[in-house]
Amino acid sequence: MSTRLPPLKSLRAFEAAARTCSFTQAAEELNVTQTAVSHQVKVLEAWLGFRLFRRLNNALVLTEQGELYLPTVREAFDRLRESTDRLKGIDGGAMLTISARPNFALRWLVPRLPRFQALHPGIRIKLLTAPRPLEALHDEIDVAIRFEGEAAHLHFEPLLRGSMFPAMHPALYEDEGLRTPEDLRRVTLLHVLNSLSDWKIWLDAAGVKRVDLERGPRFDSYALAAEAACHRWGVAMAWEPFVEDDLRRGRLVAPFGLRVPRERAWCLVYPRNVRKQKVELFRDWILAEARAVPDPVAGAPAVAAG
């Protein structure tokens, strides 16, 4: 005996509205009117026999039944996309869309991605660094790389934790005669705007007091601060493994042995209970790449200057 399925258009409207928490944004995404989205949701509610949304202080909120239903609808659409990808075949040109922050993309991921492409030439790669909400994992992107966190329908798989330490140009190291962490009191410190506590954390761990943490230029990314250090502007608080290539090539040196592990790890984020061949291939590859990076907690060796 066949079971009648809910109307597909109504399910699509519900999923988009639930993901964006807005009939207006869902309408823009689906290229229809807000009235059309509202109508399709009402059609689905009538078909199911219960409400999916309620208004709370002018906000669109899922009901308890809506919360229970949403994962099933999302998984159904994800499986439909997955099946379509499999039908087209990896060799047919499946697109893997990756969302990563600019620092991680520029300093760690991009230098390694050619290896993944060589292993899987049939997968086309799209790398996005503009801000994307994790809700986009159910529609616009396949995987994301973010700091560790929690979400009911997403899996956060740890990749890298990294450690931080001062790094500078070799000539600056020699000219300033930096031999101990206390010598940092007389050089320019380079700061990252969204991590202004980095220097205090490291200096406290080194037991160094009376350092003016207000002086020195500020940058909106670790990549810019590291590049400024490469041009002798000052001493950057570097984040391993983002500067490993600069250390290896001698553009930067890390004269002090102390490396402080970061509290949060970078994670690979993808939807739970979804099996996409291209995602599984990327997951296996990036985890192997991450395992090749020394764990700072286990005591990664410092890179000596000189």
# chains A, B, ... in the order shown; residues from 1 in each chain; ligands from 1
$ select_by_dssp --residues "segment 191-305 of chain A" --states "helix (DSSP H, G or I)" --output "PyMOL selection string"
chain A and resi 193-195+198-206+222-230+244-249+277-291+296-298
$ write_last_selection --atoms "C-alpha atoms" --output "PDB file, in the first residue's frame"
ATOM      1  CA  LEU A 193      42.425  42.633  16.119  1.00  0.00           C
ATOM      2  CA  ASN A 194      40.245  39.654  16.978  1.00  0.00           C
ATOM      3  CA  SER A 195      42.964  38.095  19.181  1.00  0.00           C
ATOM      4  CA  ASP A 198      47.474  36.598  22.406  1.00  0.00           C
ATOM      5  CA  TRP A 199      50.507  38.598  23.484  1.00  0.00           C
ATOM      6  CA  LYS A 200      49.400  38.768  27.123  1.00  0.00           C
ATOM      7  CA  ILE A 201      48.751  35.009  27.207  1.00  0.00           C
ATOM      8  CA  TRP A 202      52.194  34.194  25.803  1.00  0.00           C
ATOM      9  CA  LEU A 203      54.076  36.770  27.902  1.00  0.00           C
ATOM     10  CA  ASP A 204      52.338  35.566  31.068  1.00  0.00           C
ATOM     11  CA  ALA A 205      53.357  31.997  30.217  1.00  0.00           C
ATOM     12  CA  ALA A 206      56.928  33.229  29.698  1.00  0.00           C
ATOM     13  CA  TYR A 222      47.176  36.541  11.301  1.00  0.00           C
ATOM     14  CA  ALA A 223      48.235  36.396   7.661  1.00  0.00           C
ATOM     15  CA  LEU A 224      48.737  40.171   7.511  1.00  0.00           C
ATOM     16  CA  ALA A 225      50.579  40.284  10.835  1.00  0.00           C
ATOM     17  CA  ALA A 226      52.901  37.481   9.709  1.00  0.00           C
ATOM     18  CA  GLU A 227      53.532  39.235   6.388  1.00  0.00           C
ATOM     19  CA  ALA A 228      54.349  42.458   8.245  1.00  0.00           C
ATOM     20  CA  ALA A 229      56.853  40.506  10.350  1.00  0.00           C
ATOM     21  CA  CYS A 230      58.407  39.112   7.165  1.00  0.00           C
ATOM     22  CA  GLU A 244      55.591  26.727   8.924  1.00  0.00           C
ATOM     23  CA  ASP A 245      56.535  27.609   5.332  1.00  0.00           C
ATOM     24  CA  ASP A 246      57.961  31.006   6.359  1.00  0.00           C
ATOM     25  CA  LEU A 247      60.039  29.327   9.083  1.00  0.00           C
ATOM     26  CA  ARG A 248      61.284  26.660   6.690  1.00  0.00           C
ATOM     27  CA  ARG A 249      62.273  29.216   4.045  1.00  0.00           C
ATOM     28  CA  GLN A 277      31.375  10.443  -1.706  1.00  0.00           C
ATOM     29  CA  LYS A 278      33.146  13.729  -2.404  1.00  0.00           C
ATOM     30  CA  VAL A 279      32.834  14.781   1.259  1.00  0.00           C
ATOM     31  CA  GLU A 280      34.132  11.432   2.505  1.00  0.00           C
ATOM     32  CA  LEU A 281      37.106  11.620   0.141  1.00  0.00           C
ATOM     33  CA  PHE A 282      37.912  15.160   1.290  1.00  0.00           C
ATOM     34  CA  ARG A 283      37.449  14.218   4.956  1.00  0.00           C
ATOM     35  CA  ASP A 284      39.863  11.274   4.716  1.00  0.00           C
ATOM     36  CA  TRP A 285      42.423  13.404   2.900  1.00  0.00           C
ATOM     37  CA  ILE A 286      42.342  16.458   5.191  1.00  0.00           C
ATOM     38  CA  LEU A 287      42.458  14.331   8.356  1.00  0.00           C
ATOM     39  CA  ALA A 288      45.583  12.634   7.007  1.00  0.00           C
ATOM     40  CA  GLU A 289      47.119  16.044   6.264  1.00  0.00           C
ATOM     41  CA  ALA A 290      46.270  17.270   9.767  1.00  0.00           C
ATOM     42  CA  ARG A 291      47.778  14.169  11.389  1.00  0.00           C
ATOM     43  CA  PRO A 296      51.615  21.308  20.248  1.00  0.00           C
ATOM     44  CA  VAL A 297      50.229  19.688  23.378  1.00  0.00           C
ATOM     45  CA  ALA A 298      52.651  16.810  22.862  1.00  0.00           C
TER      46      ALA A 298
END
$ select_by_dssp --residues "segment 45-283 of chain A" --states "strand (DSSP E)" --output "ChimeraX atom specification"
/A:53-56,59-62,95-100,124-128,143-147,154-160,163-167,189-192,218-219,235-240,260-261,266-271
$ residues_around --residues "segment 49-65 of chain A" --least-positions-apart "5" --cutoff "10 Å" --atoms "only C-alpha atoms" --output "ChimeraX atom specification"
/A:14,17-18,20-23,41-44,70
$ closest_residue --among "A:Pro71, A:Gly257, A:Pro6, A:Pro102" --to "Asp220 of chain A" --atoms "only C-alpha atoms"
A:Pro102
$ closest_residue --among "A:Leu11, A:Leu109, A:Ala76, A:Cys267" --to "Phe242 of chain A" --atoms "only C-alpha atoms"
A:Leu109
$ residues_around --residues "segment 160-172 of chain A" --least-positions-apart "4" --cutoff "8 Å" --atoms "only C-alpha atoms" --output "ChimeraX atom specification"
/A:176,198,202,226,229-232,234-241,250-256,258-267,290,293,295-296,305-306
$ write_last_selection --atoms "N, CA and C atoms" --output "mmCIF file, in the first residue's frame"
data_model
loop_
_atom_site.group_PDB
_atom_site.id
_atom_site.type_symbol
_atom_site.label_atom_id
_atom_site.label_comp_id
_atom_site.auth_asym_id
_atom_site.auth_seq_id
_atom_site.Cartn_x
_atom_site.Cartn_y
_atom_site.Cartn_z
ATOM 1 N N GLU A 176 68.422 43.544 16.666
ATOM 2 C CA GLU A 176 67.932 43.924 17.994
ATOM 3 C C GLU A 176 68.575 43.110 19.103
ATOM 4 N N ASP A 198 46.423 37.577 22.688
ATOM 5 C CA ASP A 198 47.474 36.598 22.406
ATOM 6 C C ASP A 198 48.798 36.951 23.078
ATOM 7 N N TRP A 202 50.849 34.754 25.999
ATOM 8 C CA TRP A 202 52.194 34.194 25.803
ATOM 9 C C TRP A 202 53.180 34.801 26.798
ATOM 10 N N ALA A 226 51.722 38.274 10.063
ATOM 11 C CA ALA A 226 52.901 37.481 9.709
ATOM 12 C C ALA A 226 53.640 38.093 8.533
ATOM 13 N N ALA A 229 55.632 40.973 9.686
ATOM 14 C CA ALA A 229 56.853 40.506 10.350
ATOM 15 C C ALA A 229 57.908 40.102 9.321
ATOM 16 N N CYS A 230 57.471 39.503 8.221
ATOM 17 C CA CYS A 230 58.407 39.112 7.165
ATOM 18 C C CYS A 230 59.095 40.325 6.545
ATOM 19 N N HIS A 231 58.455 41.502 6.662
ATOM 20 C CA HIS A 231 59.030 42.734 6.121
ATOM 21 C C HIS A 231 59.644 43.600 7.212
ATOM 22 N N ARG A 232 60.000 42.982 8.337
ATOM 23 C CA ARG A 232 60.786 43.614 9.410
ATOM 24 C C ARG A 232 60.046 44.713 10.151
ATOM 25 N N GLY A 234 58.068 44.335 12.719
ATOM 26 C CA GLY A 234 58.084 44.055 14.143
ATOM 27 C C GLY A 234 57.992 42.567 14.391
ATOM 28 N N VAL A 235 57.564 42.210 15.598
ATOM 29 C CA VAL A 235 57.463 40.812 16.008
ATOM 30 C C VAL A 235 55.987 40.423 16.046
ATOM 31 N N ALA A 236 55.636 39.382 15.339
ATOM 32 C CA ALA A 236 54.246 38.916 15.286
ATOM 33 C C ALA A 236 54.050 37.755 16.246
ATOM 34 N N MET A 237 52.823 37.637 16.753
ATOM 35 C CA MET A 237 52.461 36.435 17.487
ATOM 36 C C MET A 237 51.952 35.446 16.438
ATOM 37 N N ALA A 238 52.817 34.528 16.074
ATOM 38 C CA ALA A 238 52.519 33.605 14.986
ATOM 39 C C ALA A 238 51.718 32.415 15.503
ATOM 40 N N TRP A 239 51.016 31.787 14.580
ATOM 41 C CA TRP A 239 50.192 30.639 14.918
ATOM 42 C C TRP A 239 50.644 29.459 14.080
ATOM 43 N N GLU A 240 51.259 28.488 14.763
ATOM 44 C CA GLU A 240 51.620 27.266 14.078
ATOM 45 C C GLU A 240 50.341 26.456 13.821
ATOM 46 N N PRO A 241 50.147 25.905 12.636
ATOM 47 C CA PRO A 241 51.139 25.731 11.574
ATOM 48 C C PRO A 241 51.045 26.749 10.437
ATOM 49 N N GLY A 250 63.104 30.506 5.928
ATOM 50 C CA GLY A 250 63.960 31.509 6.552
ATOM 51 C C GLY A 250 63.428 32.918 6.482
ATOM 52 N N ARG A 251 62.170 33.099 6.073
ATOM 53 C CA ARG A 251 61.577 34.437 6.090
ATOM 54 C C ARG A 251 61.290 34.885 7.515
ATOM 55 N N LEU A 252 61.056 33.932 8.392
ATOM 56 C CA LEU A 252 60.825 34.208 9.805
ATOM 57 C C LEU A 252 61.646 33.245 10.646
ATOM 58 N N VAL A 253 61.937 33.665 11.875
ATOM 59 C CA VAL A 253 62.552 32.781 12.853
ATOM 60 C C VAL A 253 61.749 32.869 14.141
ATOM 61 N N ALA A 254 61.819 31.806 14.937
ATOM 62 C CA ALA A 254 61.144 31.761 16.241
ATOM 63 C C ALA A 254 62.218 31.496 17.290
ATOM 64 N N PRO A 255 62.783 32.548 17.863
ATOM 65 C CA PRO A 255 63.971 32.384 18.718
ATOM 66 C C PRO A 255 63.703 31.834 20.108
ATOM 67 N N PHE A 256 62.465 31.839 20.557
ATOM 68 C CA PHE A 256 62.171 31.403 21.917
ATOM 69 C C PHE A 256 61.486 30.035 21.887
ATOM 70 N N LEU A 258 59.399 28.611 23.911
ATOM 71 C CA LEU A 258 58.052 28.459 24.453
ATOM 72 C C LEU A 258 56.987 28.593 23.373
ATOM 73 N N ARG A 259 56.126 27.571 23.268
ATOM 74 C CA ARG A 259 54.984 27.611 22.359
ATOM 75 C C ARG A 259 53.740 27.262 23.171
ATOM 76 N N VAL A 260 52.772 28.139 23.142
ATOM 77 C CA VAL A 260 51.574 27.983 23.968
ATOM 78 C C VAL A 260 50.449 27.411 23.114
ATOM 79 N N PRO A 261 49.923 26.233 23.470
ATOM 80 C CA PRO A 261 48.815 25.646 22.683
ATOM 81 C C PRO A 261 47.573 26.535 22.726
ATOM 82 N N ARG A 262 46.880 26.633 21.597
ATOM 83 C CA ARG A 262 45.629 27.366 21.554
ATOM 84 C C ARG A 262 44.528 26.571 22.241
ATOM 85 N N GLU A 263 43.558 27.283 22.809
ATOM 86 C CA GLU A 263 42.481 26.623 23.541
ATOM 87 C C GLU A 263 41.520 25.893 22.599
ATOM 88 N N ARG A 264 41.236 26.488 21.438
ATOM 89 C CA ARG A 264 40.240 25.911 20.531
ATOM 90 C C ARG A 264 40.909 25.327 19.296
ATOM 91 N N ALA A 265 40.346 24.254 18.796
ATOM 92 C CA ALA A 265 40.881 23.599 17.606
ATOM 93 C C ALA A 265 40.085 23.994 16.372
ATOM 94 N N TRP A 266 40.757 23.965 15.226
ATOM 95 C CA TRP A 266 40.055 24.055 13.952
ATOM 96 C C TRP A 266 39.398 22.709 13.682
ATOM 97 N N CYS A 267 38.183 22.743 13.145
ATOM 98 C CA CYS A 267 37.429 21.510 12.895
ATOM 99 C C CYS A 267 36.904 21.479 11.466
ATOM 100 N N ALA A 290 46.205 16.704 8.414
ATOM 101 C CA ALA A 290 46.270 17.270 9.767
ATOM 102 C C ALA A 290 47.091 16.394 10.702
ATOM 103 N N VAL A 293 50.766 17.103 11.025
ATOM 104 C CA VAL A 293 51.198 18.307 11.738
ATOM 105 C C VAL A 293 51.464 17.949 13.188
ATOM 106 N N ASP A 295 51.539 17.832 17.128
ATOM 107 C CA ASP A 295 50.590 18.274 18.139
ATOM 108 C C ASP A 295 51.303 19.140 19.152
ATOM 109 N N PRO A 296 50.913 20.428 19.308
ATOM 110 C CA PRO A 296 51.615 21.308 20.248
ATOM 111 C C PRO A 296 51.499 20.836 21.686
ATOM 112 N N ALA A 305 66.422 30.042 15.910
ATOM 113 C CA ALA A 305 66.850 31.147 15.043
ATOM 114 C C ALA A 305 68.286 30.936 14.610
ATOM 115 N N GLY A 306 68.623 31.684 13.563
ATOM 116 C CA GLY A 306 70.013 31.684 13.170
ATOM 117 C C GLY A 306 70.271 30.900 11.896
#
$ residues_around --residues "segment 134-149 of chain A" --least-positions-apart "5" --cutoff "8 Å" --atoms "only C-alpha atoms" --output "VMD selection string"
chain A and resid 19 to 20 74 78 96 to 101 156 to 158 264 to 271 279
$ residues_around --residues "segment 207-216 of chain A" --least-positions-apart "5" --cutoff "7 Å" --atoms "only C-alpha atoms" --output "ChimeraX atom specification"
/A:181-182,185,188-191
$ residues_around --residues "Ala27 of chain A" --least-positions-apart "5" --cutoff "8 Å" --atoms "only C-alpha atoms" --output "count of residues only"
5
